[in-house]
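Here's the structure, in structure tokens; my notes come after.
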Amino acid sequence: MKAQLNTAIAFLSGFIMILAFFSANPGIVNFSQNLLTWVTIVGGISLLLGIVSILKVNLKAIQEKKKDWIFKAILVLFVLGMSVCGIVWGIEEKTPFDWLFQNIQSPMMSTMFSILAFFIASAAYRAFRARTLEATILLITAIIVMLGRTPLGQAIWDKLPTYADWIMAYPNLAVQRGIIIGAALGAAAMSLRILLGIERTYMG
Amino acid sequence: MRKKSFFLFLIAAIISFHNLGLSFASTSESTPLFRADRINILVLFIIFCAVVLLYIRSAGKGKELFVRKISGLEAVEEGVGRATEMGRPVLFIPGIQELDEIQTIAGLSILSRVARTTAQYSTPLIVPVNYPLVLAAAQESIKGAYLDMGKGDDYDPEMAQYVAGEQFAFVAAVHGIMHREKPATNVYMGAFYAESLLLAEEGQASGAIQIAGTANPEQLPFFIAACDYTLMGEELFAASSYLSKEPLMLGSLKGQDWIKILLVICILLGVILETLNIGSGFFYKLFIEH
């Protein structure tokens, strides 16, 4: 019965969204917008679930003194500390919450993102090793595109940017569009399977 | 019983529509019930549904359907087997998007199949997520798989963990898991963005077998460079059908293939007509929203 109810709710919600896409009736359109608002509200409330999960997993690890438990203790401290700062002093500018965000969280996130440069270099090294014909073609194409997009490439040969643009605008875009069309059809077929209740594995 | 509950549900739905003050009739002359500018999309939508349903029906009648081999999915069992032999866990990430993203749902469907295999071999499974709703869905998905395999006692709700809400904080948490738990197999299935290479390179450095799948074309090169197997675009959505081998699920894949053939014909026809300037752009206009 629970599975049938879940499937029925999924079908009805999907059906309303499809109906709203093809209809200009304000009642249907507003109702579909309300459904989307409900999704946001449910998502916001469910944040509590996430906090409970974080605390449960990490407190257990601290209690059992698992490997690197000290980092988990710092995490729990900051989860609680940030929450208290936000609740007591608010989250506006020049509050303790804002100070913690600007001076601790934001730089740490930037650091993580900046590591990407090194990872791109190591991944590119592996991908561009000219061991096969395909890898060699990839290497040549990458050199043209990378050089063509820098002032150095233009200084070497003024037509390099034109060739780089051609590679991006024609072969690259054609392949991307092929993948996008395939993915869109796949997504549509999966949506249909969900609406009809054929695909139910995601519900458990 | 099924018919009765569906009928009751239909009545409840109609009553709730009525209570919400919904009227399916046009409210004024200026707001028509149907958007005529989207008629082309509706026609394609109906054709698509009809073909997919036709194949689902014929598959339901027992017609055998051929589906080409997808190496990445064949490798899932191999990856879980490797983790079992090494006594290490399997790491599964269902993307970094909310539950309203179809790629996340596709990821969770694959998770269910992977969890069946880990349940079968009693291999530890770790599923870090960055949205609480995805956490709840992942827990249900894993629980269902373990119960189906008769290993309900082995199920631990902490197999799925909410680790962080921010994109790069999530990456840091997953890197920590990769360092501490040393998973033997990493599976990334869902919507990924800038973190794709950060995760896959770290996994590569840890020596794990990596299987990835996403429908975001801009992230595919990163996964191809850093992972052993990559599912591209539609393969991600086909994965759960492929792994389940259920005729009804496979039928929808077949229907989807026919629509793809139809679209290829339309594209070729459009290119020829537009190049020869036949029909004054009529064919082009058929495929754009007016």
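Quick note on naming: the chains in the structure tokens go A, B, ... in the order shown, residues restart at 1 in each chain, and ligands are numbered from 1 in order of appearance.
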Contact set, chain A to chain B: 8 Å, only C-alpha atoms, as a PyMOL selection string: chain A and resi 8+22-28+43+46-51+53-54+57+67+109+112-113+115-116+119-120+123-124+126-127+176+179-180+182-187+189-193+198-204
Just-selected residues, C-alpha atoms written as a compact mmCIF listing (two decimals), in the first residue's frame:
```
# COMPACT_ATOMS: atom_id res chain seq x y z
CA ALA A 8 0.47 7.58 -7.07
CA PHE A 22 1.21 22.87 -21.82
CA SER A 23 -1.50 24.92 -20.14
CA ALA A 24 -1.98 28.66 -19.81
CA ASN A 25 -4.68 28.28 -17.16
CA PRO A 26 -3.56 30.42 -14.16
CA GLY A 27 -5.06 27.90 -11.70
CA ILE A 28 -2.95 25.00 -13.00
CA GLY A 43 13.97 20.63 1.63
CA SER A 46 14.80 18.27 6.11
CA LEU A 47 18.05 20.11 6.91
CA LEU A 48 17.42 18.99 10.47
CA LEU A 49 17.79 15.39 9.26
CA GLY A 50 21.23 16.27 7.91
CA ILE A 51 22.37 17.87 11.17
CA SER A 53 23.08 12.55 10.71
CA ILE A 54 26.31 14.59 11.04
CA VAL A 57 28.02 9.69 12.89
CA LYS A 67 41.18 7.22 13.52
CA MET A 109 36.43 26.43 0.14
CA MET A 112 39.74 23.23 -2.12
CA PHE A 113 38.76 24.75 -5.46
CA ILE A 115 43.63 22.35 -5.84
CA LEU A 116 41.72 21.68 -9.07
CA PHE A 119 44.49 17.84 -10.49
CA ILE A 120 43.79 19.07 -14.03
CA ALA A 123 44.74 14.17 -15.26
CA ALA A 124 45.82 15.88 -18.50
CA ARG A 126 47.63 10.80 -18.10
CA ALA A 127 45.02 11.51 -20.78
CA GLN A 176 28.26 17.73 -27.07
CA ILE A 179 25.40 13.61 -25.88
CA ILE A 180 22.81 16.17 -24.74
CA GLY A 182 20.81 11.25 -25.92
CA ALA A 183 20.79 12.31 -22.27
CA ALA A 184 17.55 14.28 -22.70
CA LEU A 185 15.83 11.26 -24.26
CA GLY A 186 17.21 9.05 -21.50
CA ALA A 187 15.95 11.46 -18.85
CA ALA A 189 12.28 7.79 -20.71
CA MET A 190 13.31 7.51 -17.06
CA SER A 191 10.73 10.14 -16.06
CA LEU A 192 8.09 8.12 -17.89
CA ARG A 193 9.17 4.95 -16.07
CA ILE A 198 7.87 0.89 -13.45
CA GLU A 199 11.02 2.44 -11.94
CA ARG A 200 10.68 2.27 -8.15
CA THR A 201 14.13 1.28 -6.96
CA TYR A 202 14.92 4.83 -5.79
CA MET A 203 12.11 4.52 -3.23
CA GLY A 204 13.66 1.51 -1.55
```
Could you give me the residues within stretch 3-200 of chain A that DSSP places in alpha helix (DSSP H), as a PDB file with C-alpha atoms, in the first residue's frame?
```pdb
ATOM      1  CA  ALA A   3       4.602   1.712  -2.428  1.00  0.00           C
ATOM      2  CA  GLN A   4       1.323   2.264  -4.313  1.00  0.00           C
ATOM      3  CA  LEU A   5       0.730   5.559  -2.508  1.00  0.00           C
ATOM      4  CA  ASN A   6       4.284   6.736  -3.267  1.00  0.00           C
ATOM      5  CA  THR A   7       3.853   5.824  -6.931  1.00  0.00           C
ATOM      6  CA  ALA A   8       0.474   7.580  -7.070  1.00  0.00           C
ATOM      7  CA  ILE A   9       1.942  10.771  -5.534  1.00  0.00           C
ATOM      8  CA  ALA A  10       4.879  10.639  -7.983  1.00  0.00           C
ATOM      9  CA  PHE A  11       2.477  10.140 -10.912  1.00  0.00           C
ATOM     10  CA  LEU A  12       0.149  12.956  -9.870  1.00  0.00           C
ATOM     11  CA  SER A  13       2.968  15.427  -9.172  1.00  0.00           C
ATOM     12  CA  GLY A  14       4.603  14.683 -12.514  1.00  0.00           C
ATOM     13  CA  PHE A  15       1.284  14.854 -14.339  1.00  0.00           C
ATOM     14  CA  ILE A  16       0.515  18.293 -12.855  1.00  0.00           C
ATOM     15  CA  MET A  17       3.923  19.617 -13.956  1.00  0.00           C
ATOM     16  CA  ILE A  18       3.379  18.315 -17.506  1.00  0.00           C
ATOM     17  CA  LEU A  19      -0.111  19.810 -17.548  1.00  0.00           C
ATOM     18  CA  ALA A  20       1.231  23.174 -16.331  1.00  0.00           C
ATOM     19  CA  PHE A  21       3.856  23.175 -19.107  1.00  0.00           C
ATOM     20  CA  PHE A  22       1.213  22.870 -21.821  1.00  0.00           C
ATOM     21  CA  PRO A  26      -3.559  30.419 -14.162  1.00  0.00           C
ATOM     22  CA  GLY A  27      -5.059  27.896 -11.695  1.00  0.00           C
ATOM     23  CA  ILE A  28      -2.954  25.005 -12.997  1.00  0.00           C
ATOM     24  CA  VAL A  29       0.168  27.148 -13.419  1.00  0.00           C
ATOM     25  CA  ASN A  30      -0.153  28.567  -9.872  1.00  0.00           C
ATOM     26  CA  PHE A  31      -0.744  25.101  -8.445  1.00  0.00           C
ATOM     27  CA  SER A  32       2.410  23.774 -10.139  1.00  0.00           C
ATOM     28  CA  GLN A  33       4.362  26.755  -8.761  1.00  0.00           C
ATOM     29  CA  ASN A  34       2.960  25.988  -5.297  1.00  0.00           C
ATOM     30  CA  LEU A  35       4.172  22.410  -5.652  1.00  0.00           C
ATOM     31  CA  LEU A  36       7.672  23.709  -6.367  1.00  0.00           C
ATOM     32  CA  THR A  37       7.456  25.967  -3.303  1.00  0.00           C
ATOM     33  CA  TRP A  38       6.500  22.923  -1.213  1.00  0.00           C
ATOM     34  CA  VAL A  39       9.617  21.172  -2.475  1.00  0.00           C
ATOM     35  CA  THR A  40      11.724  24.098  -1.185  1.00  0.00           C
ATOM     36  CA  ILE A  41       9.923  24.098   2.181  1.00  0.00           C
ATOM     37  CA  VAL A  42      10.293  20.325   2.628  1.00  0.00           C
ATOM     38  CA  GLY A  43      13.970  20.632   1.634  1.00  0.00           C
ATOM     39  CA  GLY A  44      14.522  23.367   4.239  1.00  0.00           C
ATOM     40  CA  ILE A  45      12.861  21.396   7.037  1.00  0.00           C
ATOM     41  CA  LEU A  47      18.052  20.107   6.908  1.00  0.00           C
ATOM     42  CA  LEU A  48      17.418  18.988  10.467  1.00  0.00           C
ATOM     43  CA  LEU A  49      17.794  15.392   9.256  1.00  0.00           C
ATOM     44  CA  GLY A  50      21.232  16.271   7.906  1.00  0.00           C
ATOM     45  CA  ILE A  51      22.371  17.869  11.167  1.00  0.00           C
ATOM     46  CA  VAL A  52      21.174  14.827  13.134  1.00  0.00           C
ATOM     47  CA  SER A  53      23.080  12.549  10.711  1.00  0.00           C
ATOM     48  CA  ILE A  54      26.309  14.595  11.043  1.00  0.00           C
ATOM     49  CA  LEU A  55      26.123  14.664  14.846  1.00  0.00           C
ATOM     50  CA  LYS A  56      25.212  10.968  15.143  1.00  0.00           C
ATOM     51  CA  VAL A  57      28.016   9.690  12.886  1.00  0.00           C
ATOM     52  CA  ASN A  58      30.720  11.999  14.246  1.00  0.00           C
ATOM     53  CA  LEU A  59      29.843  11.789  17.955  1.00  0.00           C
ATOM     54  CA  LYS A  60      29.957   7.989  17.660  1.00  0.00           C
ATOM     55  CA  ALA A  61      33.419   8.200  16.046  1.00  0.00           C
ATOM     56  CA  ILE A  62      34.633  10.551  18.803  1.00  0.00           C
ATOM     57  CA  GLN A  63      33.245   8.273  21.512  1.00  0.00           C
ATOM     58  CA  TRP A  69      38.681  11.544  15.774  1.00  0.00           C
ATOM     59  CA  ILE A  70      40.123  14.938  16.652  1.00  0.00           C
ATOM     60  CA  PHE A  71      39.029  16.311  13.239  1.00  0.00           C
ATOM     61  CA  LYS A  72      35.523  15.031  13.882  1.00  0.00           C
ATOM     62  CA  ALA A  73      35.543  16.802  17.249  1.00  0.00           C
ATOM     63  CA  ILE A  74      36.505  20.082  15.490  1.00  0.00           C
ATOM     64  CA  LEU A  75      33.711  19.514  12.965  1.00  0.00           C
ATOM     65  CA  VAL A  76      31.092  18.968  15.688  1.00  0.00           C
ATOM     66  CA  LEU A  77      32.388  22.014  17.572  1.00  0.00           C
ATOM     67  CA  PHE A  78      32.002  24.211  14.497  1.00  0.00           C
ATOM     68  CA  VAL A  79      28.573  22.795  13.533  1.00  0.00           C
ATOM     69  CA  LEU A  80      27.303  23.706  16.997  1.00  0.00           C
ATOM     70  CA  GLY A  81      29.321  26.941  17.216  1.00  0.00           C
ATOM     71  CA  MET A  82      28.111  28.301  13.858  1.00  0.00           C
ATOM     72  CA  SER A  83      24.516  27.358  14.735  1.00  0.00           C
ATOM     73  CA  VAL A  84      24.703  29.156  18.110  1.00  0.00           C
ATOM     74  CA  CYS A  85      26.310  32.257  16.523  1.00  0.00           C
ATOM     75  CA  GLY A  86      23.614  32.346  13.817  1.00  0.00           C
ATOM     76  CA  ILE A  87      20.734  31.917  16.261  1.00  0.00           C
ATOM     77  CA  VAL A  88      22.006  34.345  18.940  1.00  0.00           C
ATOM     78  CA  TRP A  89      23.551  37.190  16.855  1.00  0.00           C
ATOM     79  CA  PRO A  96      30.300  36.427  14.654  1.00  0.00           C
ATOM     80  CA  PHE A  97      28.607  34.095  12.113  1.00  0.00           C
ATOM     81  CA  ASP A  98      29.665  36.346   9.230  1.00  0.00           C
ATOM     82  CA  TRP A  99      33.205  36.615  10.649  1.00  0.00           C
ATOM     83  CA  LEU A 100      33.503  32.808  10.856  1.00  0.00           C
ATOM     84  CA  SER A 106      35.205  30.855   2.578  1.00  0.00           C
ATOM     85  CA  PRO A 107      39.057  30.620   2.434  1.00  0.00           C
ATOM     86  CA  MET A 108      38.880  26.860   3.023  1.00  0.00           C
ATOM     87  CA  MET A 109      36.429  26.427   0.140  1.00  0.00           C
ATOM     88  CA  SER A 110      38.633  28.557  -2.118  1.00  0.00           C
ATOM     89  CA  THR A 111      41.603  26.392  -1.151  1.00  0.00           C
ATOM     90  CA  MET A 112      39.738  23.226  -2.120  1.00  0.00           C
ATOM     91  CA  PHE A 113      38.758  24.751  -5.457  1.00  0.00           C
ATOM     92  CA  SER A 114      42.297  25.922  -6.198  1.00  0.00           C
ATOM     93  CA  LEU A 116      41.719  21.676  -9.070  1.00  0.00           C
ATOM     94  CA  ALA A 117      44.532  23.326 -11.078  1.00  0.00           C
ATOM     95  CA  PHE A 118      47.003  20.640  -9.966  1.00  0.00           C
ATOM     96  CA  PHE A 119      44.485  17.843 -10.487  1.00  0.00           C
ATOM     97  CA  ILE A 120      43.790  19.073 -14.035  1.00  0.00           C
ATOM     98  CA  ALA A 121      47.537  18.957 -14.761  1.00  0.00           C
ATOM     99  CA  SER A 122      47.921  15.383 -13.480  1.00  0.00           C
ATOM    100  CA  ALA A 123      44.744  14.166 -15.259  1.00  0.00           C
ATOM    101  CA  ALA A 124      45.819  15.877 -18.498  1.00  0.00           C
ATOM    102  CA  TYR A 125      49.239  14.241 -18.274  1.00  0.00           C
ATOM    103  CA  ARG A 126      47.631  10.795 -18.103  1.00  0.00           C
ATOM    104  CA  ALA A 127      45.015  11.509 -20.780  1.00  0.00           C
ATOM    105  CA  LEU A 133      46.080   6.889 -32.216  1.00  0.00           C
ATOM    106  CA  GLU A 134      43.067   8.287 -30.310  1.00  0.00           C
ATOM    107  CA  ALA A 135      45.289   9.667 -27.519  1.00  0.00           C
ATOM    108  CA  THR A 136      47.576  11.271 -30.111  1.00  0.00           C
ATOM    109  CA  ILE A 137      44.629  12.963 -31.848  1.00  0.00           C
ATOM    110  CA  LEU A 138      43.425  14.151 -28.412  1.00  0.00           C
ATOM    111  CA  LEU A 139      46.891  15.510 -27.611  1.00  0.00           C
ATOM    112  CA  ILE A 140      47.190  17.434 -30.919  1.00  0.00           C
ATOM    113  CA  THR A 141      43.664  18.828 -30.601  1.00  0.00           C
ATOM    114  CA  ALA A 142      44.281  19.881 -26.992  1.00  0.00           C
ATOM    115  CA  ILE A 143      47.531  21.640 -27.940  1.00  0.00           C
ATOM    116  CA  ILE A 144      45.763  23.581 -30.733  1.00  0.00           C
ATOM    117  CA  VAL A 145      42.852  24.589 -28.480  1.00  0.00           C
ATOM    118  CA  MET A 146      44.986  25.493 -25.460  1.00  0.00           C
ATOM    119  CA  LEU A 147      47.538  27.480 -27.433  1.00  0.00           C
ATOM    120  CA  GLY A 148      44.841  29.055 -29.598  1.00  0.00           C
ATOM    121  CA  PRO A 151      48.203  35.305 -26.478  1.00  0.00           C
ATOM    122  CA  LEU A 152      51.261  33.043 -26.853  1.00  0.00           C
ATOM    123  CA  GLY A 153      49.414  30.910 -29.440  1.00  0.00           C
ATOM    124  CA  GLN A 154      48.568  33.993 -31.468  1.00  0.00           C
ATOM    125  CA  ALA A 155      52.189  35.148 -31.285  1.00  0.00           C
ATOM    126  CA  ILE A 156      53.386  31.761 -32.614  1.00  0.00           C
ATOM    127  CA  LEU A 160      45.921  29.324 -34.397  1.00  0.00           C
ATOM    128  CA  PRO A 161      42.975  31.026 -32.597  1.00  0.00           C
ATOM    129  CA  THR A 162      40.834  30.563 -35.755  1.00  0.00           C
ATOM    130  CA  TYR A 163      41.542  26.810 -35.801  1.00  0.00           C
ATOM    131  CA  ALA A 164      40.945  26.556 -32.032  1.00  0.00           C
ATOM    132  CA  ASP A 165      37.572  28.301 -32.445  1.00  0.00           C
ATOM    133  CA  TRP A 166      36.668  25.998 -35.356  1.00  0.00           C
ATOM    134  CA  ILE A 167      37.406  22.875 -33.259  1.00  0.00           C
ATOM    135  CA  LEU A 173      29.814  21.240 -30.220  1.00  0.00           C
ATOM    136  CA  ALA A 174      28.446  18.496 -32.490  1.00  0.00           C
ATOM    137  CA  VAL A 175      29.579  15.777 -30.063  1.00  0.00           C
ATOM    138  CA  GLN A 176      28.258  17.729 -27.066  1.00  0.00           C
ATOM    139  CA  ARG A 177      24.867  18.141 -28.728  1.00  0.00           C
ATOM    140  CA  GLY A 178      24.766  14.435 -29.536  1.00  0.00           C
ATOM    141  CA  ILE A 179      25.398  13.609 -25.876  1.00  0.00           C
ATOM    142  CA  ILE A 180      22.815  16.174 -24.740  1.00  0.00           C
ATOM    143  CA  ILE A 181      20.116  14.809 -27.106  1.00  0.00           C
ATOM    144  CA  GLY A 182      20.814  11.252 -25.918  1.00  0.00           C
ATOM    145  CA  ALA A 183      20.793  12.313 -22.272  1.00  0.00           C
ATOM    146  CA  ALA A 184      17.552  14.282 -22.703  1.00  0.00           C
ATOM    147  CA  LEU A 185      15.831  11.262 -24.261  1.00  0.00           C
ATOM    148  CA  GLY A 186      17.213   9.049 -21.500  1.00  0.00           C
ATOM    149  CA  ALA A 187      15.945  11.461 -18.847  1.00  0.00           C
ATOM    150  CA  ALA A 188      12.512  11.606 -20.526  1.00  0.00           C
ATOM    151  CA  ALA A 189      12.285   7.793 -20.707  1.00  0.00           C
ATOM    152  CA  MET A 190      13.312   7.509 -17.064  1.00  0.00           C
ATOM    153  CA  SER A 191      10.731  10.137 -16.056  1.00  0.00           C
ATOM    154  CA  LEU A 192       8.094   8.123 -17.887  1.00  0.00           C
ATOM    155  CA  ARG A 193       9.175   4.949 -16.071  1.00  0.00           C
ATOM    156  CA  ILE A 194       8.910   6.823 -12.739  1.00  0.00           C
ATOM    157  CA  LEU A 195       5.495   8.306 -13.583  1.00  0.00           C
TER     158      LEU A 195
END
```
Please list as a PDB file with N, CA and C atoms, in the first residue's frame every residue within 12 Å of B:Gly270, counting only C-alpha atoms and excluding residues in the same chain fewer than 2 positions away.
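Saved file around26.pdb follows:
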```
ATOM      1  N   LEU B 263      14.720  11.210 -34.513  1.00  0.00           N
ATOM      2  CA  LEU B 263      15.357  12.528 -34.387  1.00  0.00           C
ATOM      3  C   LEU B 263      16.531  12.667 -35.357  1.00  0.00           C
ATOM      4  N   VAL B 264      17.291  11.595 -35.536  1.00  0.00           N
ATOM      5  CA  VAL B 264      18.425  11.635 -36.483  1.00  0.00           C
ATOM      6  C   VAL B 264      17.901  11.896 -37.896  1.00  0.00           C
ATOM      7  N   ILE B 265      16.811  11.218 -38.259  1.00  0.00           N
ATOM      8  CA  ILE B 265      16.206  11.436 -39.588  1.00  0.00           C
ATOM      9  C   ILE B 265      15.767  12.895 -39.721  1.00  0.00           C
ATOM     10  N   CYS B 266      15.119  13.413 -38.661  1.00  0.00           N
ATOM     11  CA  CYS B 266      14.659  14.817 -38.693  1.00  0.00           C
ATOM     12  C   CYS B 266      15.842  15.774 -38.847  1.00  0.00           C
ATOM     13  N   ILE B 267      16.929  15.503 -38.115  1.00  0.00           N
ATOM     14  CA  ILE B 267      18.114  16.382 -38.199  1.00  0.00           C
ATOM     15  C   ILE B 267      18.685  16.360 -39.621  1.00  0.00           C
ATOM     16  N   LEU B 268      18.826  15.160 -40.188  1.00  0.00           N
ATOM     17  CA  LEU B 268      19.378  15.044 -41.546  1.00  0.00           C
ATOM     18  C   LEU B 268      18.488  15.752 -42.560  1.00  0.00           C
ATOM     19  N   ILE B 272      19.421  19.059 -44.870  1.00  0.00           N
ATOM     20  CA  ILE B 272      19.294  19.061 -46.340  1.00  0.00           C
ATOM     21  C   ILE B 272      18.348  20.191 -46.788  1.00  0.00           C
ATOM     22  N   LEU B 273      17.178  20.281 -46.137  1.00  0.00           N
ATOM     23  CA  LEU B 273      16.189  21.299 -46.543  1.00  0.00           C
ATOM     24  C   LEU B 273      16.713  22.713 -46.325  1.00  0.00           C
ATOM     25  N   GLU B 274      17.371  22.936 -45.176  1.00  0.00           N
ATOM     26  CA  GLU B 274      17.882  24.277 -44.877  1.00  0.00           C
ATOM     27  C   GLU B 274      19.049  24.638 -45.798  1.00  0.00           C
ATOM     28  N   THR B 275      19.903  23.640 -46.091  1.00  0.00           N
ATOM     29  CA  THR B 275      21.049  23.902 -46.978  1.00  0.00           C
ATOM     30  C   THR B 275      20.573  24.260 -48.378  1.00  0.00           C
ATOM     31  N   LEU B 276      19.551  23.540 -48.864  1.00  0.00           N
ATOM     32  CA  LEU B 276      19.030  23.809 -50.207  1.00  0.00           C
ATOM     33  C   LEU B 276      17.993  24.933 -50.217  1.00  0.00           C
ATOM     34  N   ASN B 277      17.730  25.493 -49.012  1.00  0.00           N
ATOM     35  CA  ASN B 277      16.761  26.589 -48.843  1.00  0.00           C
ATOM     36  C   ASN B 277      15.373  26.209 -49.381  1.00  0.00           C
ATOM     37  N   ILE B 278      14.930  25.018 -49.013  1.00  0.00           N
ATOM     38  CA  ILE B 278      13.598  24.559 -49.435  1.00  0.00           C
ATOM     39  C   ILE B 278      12.619  24.760 -48.273  1.00  0.00           C
ATOM     40  N   GLY B 279      11.482  25.331 -48.546  1.00  0.00           N
ATOM     41  CA  GLY B 279      10.430  25.461 -47.531  1.00  0.00           C
ATOM     42  C   GLY B 279      10.502  26.710 -46.674  1.00  0.00           C
ATOM     43  N   SER B 280      11.402  27.636 -46.983  1.00  0.00           N
ATOM     44  CA  SER B 280      11.550  28.928 -46.277  1.00  0.00           C
ATOM     45  C   SER B 280      11.590  28.764 -44.749  1.00  0.00           C
ATOM     46  N   GLY B 281      12.385  27.845 -44.284  1.00  0.00           N
ATOM     47  CA  GLY B 281      12.573  27.683 -42.831  1.00  0.00           C
ATOM     48  C   GLY B 281      11.421  27.007 -42.114  1.00  0.00           C
ATOM     49  N   PHE B 282      10.477  26.430 -42.857  1.00  0.00           N
ATOM     50  CA  PHE B 282       9.310  25.792 -42.229  1.00  0.00           C
ATOM     51  C   PHE B 282       9.743  24.650 -41.295  1.00  0.00           C
ATOM     52  N   PHE B 283      10.674  23.826 -41.792  1.00  0.00           N
ATOM     53  CA  PHE B 283      11.123  22.659 -41.016  1.00  0.00           C
ATOM     54  C   PHE B 283      11.827  23.108 -39.734  1.00  0.00           C
ATOM     55  N   TYR B 284      12.628  24.174 -39.861  1.00  0.00           N
ATOM     56  CA  TYR B 284      13.367  24.713 -38.692  1.00  0.00           C
ATOM     57  C   TYR B 284      12.382  25.195 -37.632  1.00  0.00           C
ATOM     58  N   LYS B 285      11.341  25.914 -38.120  1.00  0.00           N
ATOM     59  CA  LYS B 285      10.360  26.484 -37.180  1.00  0.00           C
ATOM     60  C   LYS B 285       9.584  25.405 -36.432  1.00  0.00           C
ATOM     61  N   LEU B 286       9.491  24.219 -37.033  1.00  0.00           N
ATOM     62  CA  LEU B 286       8.774  23.120 -36.373  1.00  0.00           C
ATOM     63  C   LEU B 286       9.410  22.736 -35.040  1.00  0.00           C
ATOM     64  N   PHE B 287      10.731  22.941 -34.953  1.00  0.00           N
ATOM     65  CA  PHE B 287      11.461  22.456 -33.777  1.00  0.00           C
ATOM     66  C   PHE B 287      11.822  23.555 -32.783  1.00  0.00           C
TER      67      PHE B 287
END
```
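Atom pair atom CA of B:Ala119 / atom CA of B:Ala75: separated by 16.9 Å.
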Within 10 Å of B:Ser71 using only C-alpha atoms, minus same-chain residues under 4 positions, as an NGL selection string: :B and (75-76 or 211 or 229-231)
Dump of C-alpha atoms for the selected residues, as an mmCIF file, in the first residue's frame:
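Saved file out.cif follows:
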```
data_model
loop_
_atom_site.group_PDB
_atom_site.id
_atom_site.type_symbol
_atom_site.label_atom_id
_atom_site.label_comp_id
_atom_site.auth_asym_id
_atom_site.auth_seq_id
_atom_site.Cartn_x
_atom_site.Cartn_y
_atom_site.Cartn_z
ATOM 1 C CA ALA B 75 32.388 -3.624 -13.993
ATOM 2 C CA VAL B 76 30.153 -2.822 -11.005
ATOM 3 C CA ILE B 211 33.224 3.876 -12.308
ATOM 4 C CA TYR B 229 34.876 3.260 -16.752
ATOM 5 C CA THR B 230 32.559 6.152 -17.626
ATOM 6 C CA LEU B 231 28.865 6.084 -18.470
#
```
